[in-house]
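**Student:** My structure is below; once you've seen it, I'll send some questions.
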Amino acid sequence: MDKKDQIINVATKLFSERGFENTPLSLVCEMANVSKGLIFHHFKSKNDLLREIFSKTTGLIIEISEAQEADQPPRQKLVELIRSFFAQLESDKMFFQLNLNVMLPPNTRALLNDLIKERSSFILDSVKSIFDEIDPENSLVLSYTFIAELDGVTFDYLGIFDEYPLKQIETHLINRYAE
(Lines give C-alpha, C1' and ligand atoms only; values in the text may rest on other atoms or scores of the structure.)
Protein backbone atom coordinates (compact mmCIF):
# COMPACT_ATOMS: atom_id res chain seq x y z
CA MET A 1 0.00 0.00 0.00
CA ASP A 2 1.40 3.39 -0.90
CA LYS A 3 1.55 6.28 1.57
CA LYS A 4 -1.43 8.12 0.09
CA ASP A 5 -3.65 5.05 0.51
CA GLN A 6 -2.27 4.57 4.01
CA ILE A 7 -3.24 8.15 4.90
CA ILE A 8 -6.72 7.65 3.42
CA ASN A 9 -7.25 4.37 5.30
CA VAL A 10 -6.12 5.78 8.64
CA ALA A 11 -8.12 9.00 8.21
CA THR A 12 -11.21 7.00 7.21
CA LYS A 13 -10.93 4.91 10.35
CA LEU A 14 -10.37 7.92 12.59
CA PHE A 15 -13.12 10.04 10.98
CA SER A 16 -15.57 7.15 11.33
CA GLU A 17 -14.67 6.56 14.99
CA ARG A 18 -14.09 10.11 16.23
CA GLY A 19 -15.79 12.30 13.65
CA PHE A 20 -14.08 14.74 11.30
CA GLU A 21 -14.08 17.73 13.66
CA ASN A 22 -12.61 15.69 16.53
CA THR A 23 -9.72 14.25 14.51
CA PRO A 24 -6.67 16.49 14.28
CA LEU A 25 -4.30 15.95 11.38
CA SER A 26 -1.55 15.33 13.92
CA LEU A 27 -3.38 12.17 14.99
CA VAL A 28 -3.72 11.04 11.37
CA CYS A 29 0.04 11.61 10.97
CA GLU A 30 0.83 9.68 14.13
CA MET A 31 -1.41 6.71 13.32
CA ALA A 32 -0.32 6.58 9.66
CA ASN A 33 3.32 7.09 10.62
CA VAL A 34 3.73 9.96 8.15
CA SER A 35 4.66 13.63 8.39
CA LYS A 36 2.24 16.52 8.00
CA GLY A 37 4.29 17.54 4.99
CA LEU A 38 3.49 14.24 3.30
CA ILE A 39 -0.22 14.70 3.97
CA PHE A 40 -0.05 18.18 2.43
CA HIS A 41 1.88 16.76 -0.51
CA HIS A 42 -1.15 14.58 -1.34
CA PHE A 43 -3.98 16.80 -0.03
CA LYS A 44 -4.32 20.59 0.06
CA SER A 45 -6.03 20.47 3.45
CA LYS A 46 -7.86 18.27 5.93
CA ASN A 47 -11.04 19.23 4.07
CA ASP A 48 -9.53 18.01 0.80
CA LEU A 49 -8.65 14.70 2.49
CA LEU A 50 -12.27 14.31 3.63
CA ARG A 51 -13.58 15.06 0.15
CA GLU A 52 -11.24 12.42 -1.32
CA ILE A 53 -12.46 9.85 1.21
CA PHE A 54 -16.10 10.69 0.54
CA SER A 55 -15.54 10.36 -3.21
CA LYS A 56 -13.99 6.93 -2.66
CA THR A 57 -17.00 5.80 -0.61
CA THR A 58 -19.27 7.00 -3.39
CA GLY A 59 -17.29 4.76 -5.73
CA LEU A 60 -18.20 1.77 -3.55
CA ILE A 61 -21.88 2.67 -3.82
CA ILE A 62 -21.59 2.89 -7.60
CA GLU A 63 -19.93 -0.55 -7.67
CA ILE A 64 -22.85 -2.05 -5.72
CA SER A 65 -25.31 -0.48 -8.14
CA GLU A 66 -23.42 -1.59 -11.24
CA ALA A 67 -23.19 -5.17 -9.95
CA GLN A 68 -26.86 -5.63 -10.81
CA GLU A 69 -27.61 -7.52 -13.97
CA ALA A 70 -29.38 -5.23 -16.44
CA ASP A 71 -31.49 -8.04 -17.89
CA GLN A 72 -32.92 -9.17 -14.53
CA PRO A 73 -36.60 -8.60 -13.76
CA PRO A 74 -37.05 -5.42 -11.69
CA ARG A 75 -38.08 -7.20 -8.50
CA GLN A 76 -35.00 -9.40 -8.73
CA LYS A 77 -32.90 -6.25 -9.11
CA LEU A 78 -34.40 -4.97 -5.85
CA VAL A 79 -33.66 -8.26 -4.12
CA GLU A 80 -30.05 -8.16 -5.31
CA LEU A 81 -29.74 -4.53 -4.26
CA ILE A 82 -31.05 -5.37 -0.78
CA ARG A 83 -28.68 -8.33 -0.47
CA SER A 84 -25.70 -6.24 -1.61
CA PHE A 85 -26.61 -3.43 0.77
CA PHE A 86 -26.96 -5.71 3.80
CA ALA A 87 -23.77 -7.61 2.97
CA GLN A 88 -21.87 -4.31 2.71
CA LEU A 89 -23.46 -2.98 5.92
CA GLU A 90 -22.44 -6.07 7.84
CA SER A 91 -18.92 -6.37 6.41
CA ASP A 92 -17.92 -2.70 6.33
CA LYS A 93 -19.46 -0.88 9.28
CA MET A 94 -16.68 1.71 9.16
CA PHE A 95 -17.80 2.85 5.69
CA PHE A 96 -21.35 3.43 6.89
CA GLN A 97 -20.25 4.98 10.19
CA LEU A 98 -18.07 7.42 8.29
CA ASN A 99 -21.03 8.45 6.16
CA LEU A 100 -23.17 9.10 9.23
CA ASN A 101 -20.38 11.04 10.92
CA VAL A 102 -19.75 13.35 7.98
CA MET A 103 -23.17 13.71 6.35
CA LEU A 104 -25.14 14.71 9.46
CA PRO A 105 -23.08 17.45 11.20
CA PRO A 106 -23.72 20.86 9.57
CA ASN A 107 -20.03 21.78 9.10
CA THR A 108 -19.03 18.65 7.23
CA ARG A 109 -22.35 18.52 5.40
CA ALA A 110 -21.67 22.01 4.04
CA LEU A 111 -18.13 21.00 3.05
CA LEU A 112 -19.41 17.94 1.17
CA ASN A 113 -22.72 19.36 -0.06
CA ASP A 114 -21.95 19.04 -3.78
CA LEU A 115 -20.66 15.48 -3.37
CA ILE A 116 -23.62 14.51 -1.17
CA LYS A 117 -26.05 15.85 -3.77
CA GLU A 118 -24.21 14.02 -6.55
CA ARG A 119 -24.27 10.75 -4.59
CA SER A 120 -27.90 11.18 -3.55
CA SER A 121 -28.95 11.86 -7.14
CA PHE A 122 -27.10 8.77 -8.33
CA ILE A 123 -28.75 6.59 -5.68
CA LEU A 124 -32.20 8.02 -6.35
CA ASP A 125 -31.84 7.62 -10.12
CA SER A 126 -30.63 4.02 -9.74
CA VAL A 127 -33.46 3.02 -7.44
CA LYS A 128 -36.06 4.96 -9.41
CA SER A 129 -35.06 3.20 -12.64
CA ILE A 130 -36.02 -0.09 -10.98
CA PHE A 131 -39.31 1.22 -9.59
CA ASP A 132 -40.11 2.78 -13.00
CA GLU A 133 -40.38 -0.79 -14.29
CA ILE A 134 -42.60 -1.90 -11.39
CA ASP A 135 -44.95 1.05 -10.85
CA PRO A 136 -44.21 4.06 -13.08
CA GLU A 137 -46.92 6.23 -11.51
CA ASN A 138 -45.53 5.87 -7.99
CA SER A 139 -41.86 5.24 -8.73
CA LEU A 140 -40.58 8.44 -7.15
CA VAL A 141 -42.42 7.94 -3.85
CA LEU A 142 -41.51 4.25 -3.78
CA SER A 143 -37.87 5.14 -4.40
CA TYR A 144 -37.71 7.68 -1.59
CA THR A 145 -39.46 5.22 0.75
CA PHE A 146 -37.07 2.40 -0.14
CA ILE A 147 -34.01 4.62 0.38
CA ALA A 148 -35.42 5.89 3.69
CA GLU A 149 -35.91 2.30 4.88
CA LEU A 150 -32.28 1.44 4.13
CA ASP A 151 -31.08 4.68 5.74
CA GLY A 152 -33.15 3.88 8.84
CA VAL A 153 -31.73 0.37 9.06
CA THR A 154 -28.22 1.81 8.80
CA PHE A 155 -28.81 4.40 11.51
CA ASP A 156 -30.43 1.93 13.90
CA TYR A 157 -27.85 -0.81 13.28
CA LEU A 158 -24.86 1.47 13.80
CA GLY A 159 -25.98 3.74 16.54
CA ILE A 160 -29.16 2.86 18.34
CA PHE A 161 -29.63 -0.80 19.16
CA ASP A 162 -27.03 -3.13 20.66
CA GLU A 163 -28.67 -6.28 19.38
CA TYR A 164 -30.14 -5.64 15.98
CA PRO A 165 -31.96 -8.29 13.92
CA LEU A 166 -30.14 -7.43 10.70
CA LYS A 167 -30.69 -10.77 8.94
CA GLN A 168 -34.39 -10.82 9.83
CA ILE A 169 -34.88 -7.29 8.53
CA GLU A 170 -33.04 -8.19 5.33
CA THR A 171 -35.33 -11.20 4.87
CA HIS A 172 -38.40 -9.08 5.60
CA LEU A 173 -37.43 -6.46 3.02
CA ILE A 174 -36.62 -9.12 0.43
CA ASN A 175 -40.00 -10.76 0.99
CA ARG A 176 -41.80 -7.43 0.80
CA TYR A 177 -40.11 -6.24 -2.38
CA ALA A 178 -39.94 -9.60 -4.15
CA GLU A 179 -43.73 -9.89 -4.28
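Letters A, B, ... go to the chains of the C-alpha coordinates in the order shown; residues in each chain start at 1; ligands are counted from 1 in the same order.
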Residues at most 10 Å from region 98-102 of chain A, counting only C-alpha atoms, excluding those fewer than 4 positions away in the same chain, as a PyMOL selection string?
**Tutor:** chain A and resi 12-21+50+53-54+57-58+93-94+106-112+116+151+154-155+158-159
**Student:** Would you mind telling me which residue in A:Val10, A:Ala70, A:Ile61, A:Leu38 lies nearest to Glu118 (chain A) when using only C-alpha atoms?
**Tutor:**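 For Glu118 (chain A), the nearest of the candidates is A:Ile61.
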**Student:** Which residues, written as an MDAnalysis selection string, have at least one atom at most 9 Å from Leu124 (chain A), with only C-alpha atoms counted and residues fewer than 2 positions away on the same chain left out?
**Tutor:** chainID A and resid 119:122 126:129 140 143:144 147
**Student:** Let me see the file: selected residues, N, CA and C atoms, as a PDB file, in the first residue's frame.
**Tutor:**
ATOM      1  N   ARG A 119     -24.046  12.135  -5.018  1.00  0.00           N
ATOM      2  CA  ARG A 119     -24.269  10.753  -4.588  1.00  0.00           C
ATOM      3  C   ARG A 119     -25.761  10.466  -4.431  1.00  0.00           C
ATOM      4  N   SER A 120     -26.467  11.374  -3.784  1.00  0.00           N
ATOM      5  CA  SER A 120     -27.900  11.178  -3.554  1.00  0.00           C
ATOM      6  C   SER A 120     -28.664  11.082  -4.865  1.00  0.00           C
ATOM      7  N   SER A 121     -28.306  11.915  -5.824  1.00  0.00           N
ATOM      8  CA  SER A 121     -28.952  11.859  -7.144  1.00  0.00           C
ATOM      9  C   SER A 121     -28.676  10.533  -7.830  1.00  0.00           C
ATOM     10  N   PHE A 122     -27.442  10.062  -7.736  1.00  0.00           N
ATOM     11  CA  PHE A 122     -27.099   8.771  -8.333  1.00  0.00           C
ATOM     12  C   PHE A 122     -27.927   7.650  -7.706  1.00  0.00           C
ATOM     13  N   SER A 126     -30.797   5.478  -9.623  1.00  0.00           N
ATOM     14  CA  SER A 126     -30.628   4.021  -9.741  1.00  0.00           C
ATOM     15  C   SER A 126     -31.842   3.277  -9.214  1.00  0.00           C
ATOM     16  N   VAL A 127     -32.298   3.680  -8.041  1.00  0.00           N
ATOM     17  CA  VAL A 127     -33.456   3.015  -7.435  1.00  0.00           C
ATOM     18  C   VAL A 127     -34.714   3.320  -8.239  1.00  0.00           C
ATOM     19  N   LYS A 128     -34.866   4.572  -8.653  1.00  0.00           N
ATOM     20  CA  LYS A 128     -36.062   4.957  -9.413  1.00  0.00           C
ATOM     21  C   LYS A 128     -36.147   4.202 -10.734  1.00  0.00           C
ATOM     22  N   SER A 129     -35.022   3.938 -11.369  1.00  0.00           N
ATOM     23  CA  SER A 129     -35.063   3.202 -12.641  1.00  0.00           C
ATOM     24  C   SER A 129     -35.650   1.803 -12.445  1.00  0.00           C
ATOM     25  N   LEU A 140     -41.351   7.487  -7.935  1.00  0.00           N
ATOM     26  CA  LEU A 140     -40.581   8.445  -7.146  1.00  0.00           C
ATOM     27  C   LEU A 140     -40.829   8.251  -5.647  1.00  0.00           C
ATOM     28  N   SER A 143     -39.326   5.030  -4.475  1.00  0.00           N
ATOM     29  CA  SER A 143     -37.866   5.142  -4.400  1.00  0.00           C
ATOM     30  C   SER A 143     -37.427   5.840  -3.117  1.00  0.00           C
ATOM     31  N   TYR A 144     -38.062   6.969  -2.823  1.00  0.00           N
ATOM     32  CA  TYR A 144     -37.714   7.678  -1.587  1.00  0.00           C
ATOM     33  C   TYR A 144     -38.000   6.814  -0.358  1.00  0.00           C
ATOM     34  N   ILE A 147     -35.282   4.038  -0.083  1.00  0.00           N
ATOM     35  CA  ILE A 147     -34.015   4.615   0.380  1.00  0.00           C
ATOM     36  C   ILE A 147     -34.104   4.966   1.866  1.00  0.00           C
TER      37      ILE A 147
END
**Student:** Neighbours of Phe86 (chain A) within 12 Å (only C-alpha atoms; same-chain residues fewer than 5 positions away dropped), as a CSV table (one decimal) with N, CA and C atoms, in the first residue's frame?
**Tutor:**
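The new file out14.csv reads:
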chain,number,residue,atom,x,y,z
A,64,ILE,N,-21.7,-1.2,-6.1
A,64,ILE,CA,-22.9,-2.1,-5.7
A,64,ILE,C,-24.0,-1.9,-6.7
A,79,VAL,N,-34.1,-7.2,-5.0
A,79,VAL,CA,-33.7,-8.3,-4.1
A,79,VAL,C,-32.1,-8.3,-4.1
A,80,GLU,N,-31.5,-8.2,-5.2
A,80,GLU,CA,-30.0,-8.2,-5.3
A,80,GLU,C,-29.5,-6.9,-4.7
A,81,LEU,N,-30.2,-5.8,-4.9
A,81,LEU,CA,-29.7,-4.5,-4.3
A,81,LEU,C,-29.8,-4.6,-2.7
A,91,SER,N,-20.4,-6.2,6.6
A,91,SER,CA,-18.9,-6.4,6.4
A,91,SER,C,-18.1,-5.1,6.5
A,92,ASP,N,-18.7,-3.9,6.3
A,92,ASP,CA,-17.9,-2.7,6.3
A,92,ASP,C,-18.6,-1.6,7.1
A,93,LYS,N,-18.8,-1.9,8.4
A,93,LYS,CA,-19.5,-0.9,9.3
A,93,LYS,C,-18.8,0.5,9.3
A,96,PHE,N,-20.1,2.8,6.6
A,96,PHE,CA,-21.4,3.4,6.9
A,96,PHE,C,-21.3,4.4,8.1
A,150,LEU,N,-33.7,1.9,4.0
A,150,LEU,CA,-32.3,1.4,4.1
A,150,LEU,C,-31.5,2.4,5.0
A,151,ASP,N,-31.8,3.7,4.9
A,151,ASP,CA,-31.1,4.7,5.7
A,151,ASP,C,-31.4,4.4,7.2
A,153,VAL,N,-32.4,1.6,8.6
A,153,VAL,CA,-31.7,0.4,9.1
A,153,VAL,C,-30.3,0.7,9.4
A,154,THR,N,-29.6,1.4,8.6
A,154,THR,CA,-28.2,1.8,8.8
A,154,THR,C,-28.1,2.6,10.1
A,157,TYR,N,-28.9,0.2,13.1
A,157,TYR,CA,-27.9,-0.8,13.3
A,157,TYR,C,-26.5,-0.2,13.9
A,165,PRO,N,-31.6,-7.1,14.7
A,165,PRO,CA,-32.0,-8.3,13.9
A,165,PRO,C,-31.7,-8.0,12.4
A,166,LEU,N,-30.5,-7.8,12.1
A,166,LEU,CA,-30.1,-7.4,10.7
A,166,LEU,C,-30.6,-8.5,9.7
A,167,LYS,N,-30.3,-9.7,9.9
A,167,LYS,CA,-30.7,-10.8,8.9
A,167,LYS,C,-32.2,-10.9,8.8
A,168,GLN,N,-32.9,-10.7,9.9
A,168,GLN,CA,-34.4,-10.8,9.8
A,168,GLN,C,-35.0,-9.6,9.1
A,169,ILE,N,-34.4,-8.5,9.3
A,169,ILE,CA,-34.9,-7.3,8.5
A,169,ILE,C,-34.6,-7.4,7.0
A,170,GLU,N,-33.4,-7.9,6.7
A,170,GLU,CA,-33.0,-8.2,5.3
A,170,GLU,C,-34.1,-9.1,4.7
A,171,THR,N,-34.4,-10.2,5.4
A,171,THR,CA,-35.3,-11.2,4.9
A,171,THR,C,-36.7,-10.6,4.7
A,173,LEU,N,-37.4,-7.4,4.2
A,173,LEU,CA,-37.4,-6.5,3.0
A,173,LEU,C,-37.4,-7.2,1.7
A,174,ILE,N,-36.6,-8.3,1.6
A,174,ILE,CA,-36.6,-9.1,0.4
A,174,ILE,C,-38.0,-9.7,0.2
**Student:** Just to confirm, what's the straight-line distance from CA of Glu163 (chain A) to CA of Phe85 (chain A) in Å (one decimal)?
**Tutor:**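 Pair CA of Glu163 (chain A) / CA of Phe85 (chain A) returns 18.9 Å.
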**Student:** Could you pull out the alpha helix (DSSP H) residues of region 34-170 of chain A from DSSP and send them as an NGL selection string?
**Tutor:** :A and (36-42 or 46-66 or 74-91 or 93-103 or 106-134 or 139-155 or 166-170)
**Student:** Interatomic distance between CA of Gln97 (chain A) and CA of Asp2 (chain A)?
**Tutor:**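 Computing the Euclidean distance for CA of Gln97 (chain A) and CA of Asp2 (chain A) yields 24.4 Å.
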**Student:** For Pro24 (chain A), which of A:Ser139, A:Gln72, A:Ser45, A:Ser55 is the closest residue, counting only C-alpha atoms?
**Tutor:**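 Of A:Ser139, A:Gln72, A:Ser45, A:Ser55, the one nearest Pro24 (chain A), counting only C-alpha atoms, is A:Ser45.
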**Student:** For Glu52 (chain A), which of A:Glu90, A:Glu30, A:Asp5, A:Asp125 is the closest residue, counting only C-alpha atoms?
**Tutor:**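 Looking at the shortest contact to Glu52 (chain A), the residue is A:Asp5.
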**Student:** What is the distance between CA of Asp135 (chain A) and CA of Pro74 (chain A), in Å to one decimal?
**Tutor:**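 CA of Asp135 (chain A) sits 10.2 Å away from CA of Pro74 (chain A).
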**Student:** Measuring between only C-alpha atoms, which one of A:Pro73, A:Phe95, A:Asn175, A:Leu115 shows the shortest distance to Asp132 (chain A)?
**Tutor:**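 Looking only at the distances to Asp132 (chain A), the closest residue turns out to be A:Pro73.
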